[in-house]
Amino acid sequence: PIPKMAAALNRLRHLAVPGSPWKIVSSLSLTTRSFRSTSGARDSTVPKTSGVGYVDGEIESLEAAIHSHVSDSKDKGEMERILYGASPNILQLSKEATTKAKDIKVDLKAFKIGAATEQTRAPRVVRIGAIQNKICAPTDAPVIEQRNSIFRRIEEIIEVAATAGVNVVCLQECWTGPFFFCTREKQPWMEFAESARNGDSFHFISELARKHRMVIVSPILERDDHKNTIWNTAVVVDQTGRYMGKHRKNHIPRVGDFNESTYYMEGNTGHPVFETIYGKIAINICYGRHHPLNWMMFGLNGAEIVFNPSATVGKLSEPLWPIEARNAAIANHYFAVGINRVGTEEFPNEF
């Protein structure tokens with residue numbers, strides 16, 4: 001096993017996976033495995049590999065594979081140093097938080113990233129939650145059933161985040177429904193589109209934000225209130241439940257037959273930064289992570305934390321997105337938080 005792991009590390013020496021230390025303080029996920037869609041647009045193959053460090057035939061995480069196959073603690077430390085710059089600083093969570101997470105079957109991991117002590121400014125401690133979740137109902141169920149089942153699940157997870165003391169939480173790309181863009185179908189999927197500041201998801205998230213005094217980033221499929229135009233949008237809600245603003249996805253994937261511009265085009269909101277009570281945050285939605293200047297613009301506009309909510313399959317992008325997020329953090333002097341949809345989604349019709 002060790003030579004095989006060494007070969008894997010040689011290929012993936014800069015790879016960080018969900019749960020890695022660049023997630024700032026706290027990350028919440030149902031699983032560390034990647035998202036798969038079984039319509040024709042995205043990879044639907046399931047790895048046949050099994051063994052320690054694997055779950056349902058898929059690798060659980062790079063860390064799990066390392067710890068399963070490398071017994072020497074010094075070697076583990078060296079691998080983590082090469083991969084991340086330092087070994088992850090794991091946070092101990094309260095028994096209440098870990099018990100709640102276990103009760104609702106959430107994989108809860110927490111890490112700390114420190115900063116140099118300054119003489120003239122007091123330190124700030126900010127707890128960030130990154131939520132990755134599966135859909136909760138089949139894609140052929142009624143739209144309201146699909147959406148409401150996810151609402152209930154997200155409410156449970158945010159309750160865990162609140163118990164863990166999270167200040168700012170970000171959900172995954174288009175979290176209110178399945179990632180149906182691979183189908184190129186209008187119905188019923190456009191029924192998930194909603195107003196950014198008057199839609200059902202805003203009122204739902206607003207209540208949770210106010211209840212927990214938490215800033216929440218809510219990426220949705222937006223239907224413009226004035227022109228009825230569709231956008232891929234991240235809505236920012238402050239700790240009082242107030243609408244702070246939104247950012248629209250500004251880079252659209254056109255990869256082979258997969259073309260999200262079937263549904264929406266590039267956004268028109270520029271590179272906004274939202275000044276919350278916990279820090280200055282921005283959102284670089286999914287495909288925008290491939291563009292270094294996109295990351296840079298958020299930094300030039302003053303961002304301290306940049307979220308990257310995504311929905312991408314493991315085979316296609318898993319070797320890329322953690323590297324891109326870490327490179328952005330290094331180059332632009334802010335924290336980068338990578339979030340990806342998880343689970344498997346099946347759609348009846350291939351495009």
# chains A, B, ... in the order shown; residues from 1 in each chain; ligands from 1
call {"tool": "residues_around", "arguments": {"residues": "A:Phe179", "least_positions_apart": "2", "cutoff": "10 Å", "atoms": "only C-alpha atoms", "output": "number ranges by chain"}}
result
A: 35-37, 135, 139, 173-177, 181-183, 189, 311-312, 341, 345-347
call {"tool": "residues_around", "arguments": {"residues": "stretch 284-288 of chain A", "least_positions_apart": "2", "cutoff": "6 Å", "atoms": "only C-alpha atoms", "output": "NGL selection string"}}
result
:A and (249 or 251 or 290-291 or 308-310)
call {"tool": "write_last_selection", "arguments": {"atoms": "N, CA, C and O atoms", "output": "compact mmCIF listing (two decimals), in the first residue's frame"}}
result
# COMPACT_ATOMS: atom_id res chain seq x y z
N LYS A 249 -23.02 34.84 -10.40
CA LYS A 249 -21.91 34.06 -10.98
C LYS A 249 -21.41 34.72 -12.26
O LYS A 249 -22.19 34.97 -13.18
N HIS A 251 -18.59 33.71 -14.26
CA HIS A 251 -17.95 32.87 -15.27
C HIS A 251 -18.79 31.60 -15.42
O HIS A 251 -19.06 30.91 -14.44
N HIS A 290 -11.58 29.08 -11.62
CA HIS A 290 -10.56 28.79 -12.62
C HIS A 290 -9.84 30.05 -13.11
O HIS A 290 -8.88 29.94 -13.87
N HIS A 291 -10.31 31.22 -12.70
CA HIS A 291 -9.80 32.48 -13.24
C HIS A 291 -9.09 33.28 -12.15
O HIS A 291 -9.74 33.90 -11.30
N ASN A 308 -16.14 29.81 -2.05
CA ASN A 308 -16.26 29.27 -3.39
C ASN A 308 -17.25 28.11 -3.39
O ASN A 308 -16.88 26.94 -3.38
N PRO A 309 -18.57 28.41 -3.37
CA PRO A 309 -19.59 27.36 -3.42
C PRO A 309 -19.65 26.75 -4.82
O PRO A 309 -19.71 27.47 -5.81
N SER A 310 -19.63 25.42 -4.88
CA SER A 310 -19.52 24.74 -6.17
C SER A 310 -20.46 23.55 -6.26
O SER A 310 -21.03 23.10 -5.27
call {"tool": "closest_residue", "arguments": {"among": "A:Arg210, A:Arg197, A:Arg223, A:Lys134", "to": "A:Lys246", "atoms": "only C-alpha atoms"}}
result
A:Arg197
call {"tool": "select_by_dssp", "arguments": {"residues": "stretch 258-294 of chain A", "states": "helix (DSSP H, G or I)", "output": "PyMOL selection string"}}
result
chain A and resi 260-262+286-290+292-294
call {"tool": "residues_around", "arguments": {"residues": "A:Ala328", "least_positions_apart": "2", "cutoff": "10 Å", "atoms": "only C-alpha atoms", "output": "JSON, numbers by chain"}}
result
{"A": [289, 291, 292, 293, 294, 295, 296, 299, 306, 322, 323, 324, 325, 326, 330, 331, 332, 333, 334, 335, 336]}
call {"tool": "select_by_dssp", "arguments": {"residues": "stretch 84-257 of chain A", "states": "strand (DSSP E or B)", "output": "number ranges by chain"}}
result
A: 89-90, 107-112, 128-132, 168-170, 194, 215-223, 230-237, 243-248, 254-255
call {"tool": "write_last_selection", "arguments": {"atoms": "C-alpha atoms", "output": "mmCIF file, in the first residue's frame"}}
result
data_model
loop_
_atom_site.group_PDB
_atom_site.id
_atom_site.type_symbol
_atom_site.label_atom_id
_atom_site.label_comp_id
_atom_site.auth_asym_id
_atom_site.auth_seq_id
_atom_site.Cartn_x
_atom_site.Cartn_y
_atom_site.Cartn_z
ATOM 1 C CA ASN A 89 -4.763 22.192 13.834
ATOM 2 C CA ILE A 90 -7.864 20.278 14.915
ATOM 3 C CA ASP A 107 -19.822 14.625 9.437
ATOM 4 C CA LEU A 108 -18.616 17.527 11.597
ATOM 5 C CA LYS A 109 -14.955 18.576 11.381
ATOM 6 C CA ALA A 110 -13.325 21.681 12.832
ATOM 7 C CA PHE A 111 -9.891 23.214 12.261
ATOM 8 C CA LYS A 112 -8.062 26.319 13.385
ATOM 9 C CA ILE A 128 -16.693 29.838 9.544
ATOM 10 C CA GLY A 129 -19.105 27.048 8.573
ATOM 11 C CA ALA A 130 -18.933 25.376 5.159
ATOM 12 C CA ILE A 131 -21.949 23.154 4.514
ATOM 13 C CA GLN A 132 -22.030 20.356 1.943
ATOM 14 C CA VAL A 168 -20.610 32.922 9.162
ATOM 15 C CA VAL A 169 -21.960 29.980 7.173
ATOM 16 C CA CYS A 170 -22.017 29.376 3.417
ATOM 17 C CA GLU A 194 -36.947 32.627 -7.067
ATOM 18 C CA VAL A 215 -24.305 35.709 8.689
ATOM 19 C CA ILE A 216 -25.466 33.248 6.008
ATOM 20 C CA VAL A 217 -24.429 33.065 2.348
ATOM 21 C CA SER A 218 -27.264 31.448 0.388
ATOM 22 C CA PRO A 219 -26.444 30.509 -3.251
ATOM 23 C CA ILE A 220 -29.684 30.076 -5.211
ATOM 24 C CA LEU A 221 -31.127 30.069 -8.702
ATOM 25 C CA GLU A 222 -32.449 33.622 -8.965
ATOM 26 C CA ARG A 223 -35.396 34.874 -10.986
ATOM 27 C CA ILE A 230 -32.522 33.734 -14.538
ATOM 28 C CA TRP A 231 -29.189 34.076 -12.680
ATOM 29 C CA ASN A 232 -26.903 31.864 -10.597
ATOM 30 C CA THR A 233 -26.731 34.015 -7.477
ATOM 31 C CA ALA A 234 -25.359 34.080 -3.934
ATOM 32 C CA VAL A 235 -27.499 36.046 -1.462
ATOM 33 C CA VAL A 236 -25.901 37.436 1.703
ATOM 34 C CA VAL A 237 -28.067 37.716 4.828
ATOM 35 C CA TYR A 243 -30.804 41.247 3.098
ATOM 36 C CA MET A 244 -27.282 42.658 2.550
ATOM 37 C CA GLY A 245 -26.945 42.086 -1.172
ATOM 38 C CA LYS A 246 -26.069 39.492 -3.782
ATOM 39 C CA HIS A 247 -23.414 38.396 -6.235
ATOM 40 C CA ARG A 248 -24.177 36.755 -9.567
ATOM 41 C CA ARG A 254 -19.022 25.677 -21.459
ATOM 42 C CA VAL A 255 -17.256 22.328 -21.339
#
call {"tool": "decode", "arguments": {"residues": "stretch 290-340 of chain A", "atoms": "C-alpha atoms", "output": "compact mmCIF listing (two decimals), in the first residue's frame"}}
result
# COMPACT_ATOMS: atom_id res chain seq x y z
CA HIS A 290 -10.56 28.79 -12.62
CA HIS A 291 -9.80 32.48 -13.24
CA PRO A 292 -7.00 33.97 -11.09
CA LEU A 293 -8.03 37.55 -11.90
CA ASN A 294 -11.51 36.81 -10.60
CA TRP A 295 -10.04 35.85 -7.21
CA MET A 296 -7.77 38.90 -7.35
CA MET A 297 -10.61 41.39 -7.86
CA PHE A 298 -12.33 40.30 -4.65
CA GLY A 299 -9.05 40.85 -2.83
CA LEU A 300 -8.52 44.29 -4.38
CA ASN A 301 -12.02 45.20 -3.20
CA GLY A 302 -11.04 44.35 0.36
CA ALA A 303 -12.26 40.79 0.97
CA GLU A 304 -10.87 38.98 4.01
CA ILE A 305 -12.74 35.71 3.40
CA VAL A 306 -13.78 34.46 -0.05
CA PHE A 307 -16.21 31.54 -0.35
CA ASN A 308 -16.26 29.27 -3.39
CA PRO A 309 -19.59 27.36 -3.42
CA SER A 310 -19.52 24.74 -6.17
CA ALA A 311 -21.24 21.75 -7.75
CA THR A 312 -18.60 19.75 -9.56
CA VAL A 313 -17.86 16.06 -9.98
CA GLY A 314 -14.80 14.39 -8.50
CA LYS A 315 -13.28 13.04 -11.69
CA LEU A 316 -13.64 16.36 -13.49
CA SER A 317 -12.48 18.92 -10.93
CA GLU A 318 -11.45 17.43 -7.60
CA PRO A 319 -7.71 17.72 -8.40
CA LEU A 320 -8.25 21.38 -9.35
CA TRP A 321 -10.59 23.21 -7.00
CA PRO A 322 -8.71 22.77 -3.70
CA ILE A 323 -5.45 23.86 -5.33
CA GLU A 324 -7.11 26.87 -6.90
CA ALA A 325 -8.64 27.96 -3.59
CA ARG A 326 -5.35 27.58 -1.72
CA ASN A 327 -3.42 29.40 -4.43
CA ALA A 328 -5.95 32.23 -4.29
CA ALA A 329 -5.52 32.52 -0.53
CA ILE A 330 -1.73 32.65 -0.86
CA ALA A 331 -1.70 35.10 -3.76
CA ASN A 332 -4.34 37.47 -2.44
CA HIS A 333 -3.76 37.38 1.32
CA TYR A 334 -7.22 36.27 2.40
CA PHE A 335 -8.88 33.08 3.56
CA ALA A 336 -10.49 30.91 0.86
CA VAL A 337 -13.31 28.48 1.68
CA GLY A 338 -14.05 25.74 -0.85
CA ILE A 339 -17.47 24.06 -0.72
CA ASN A 340 -18.77 21.33 -3.03
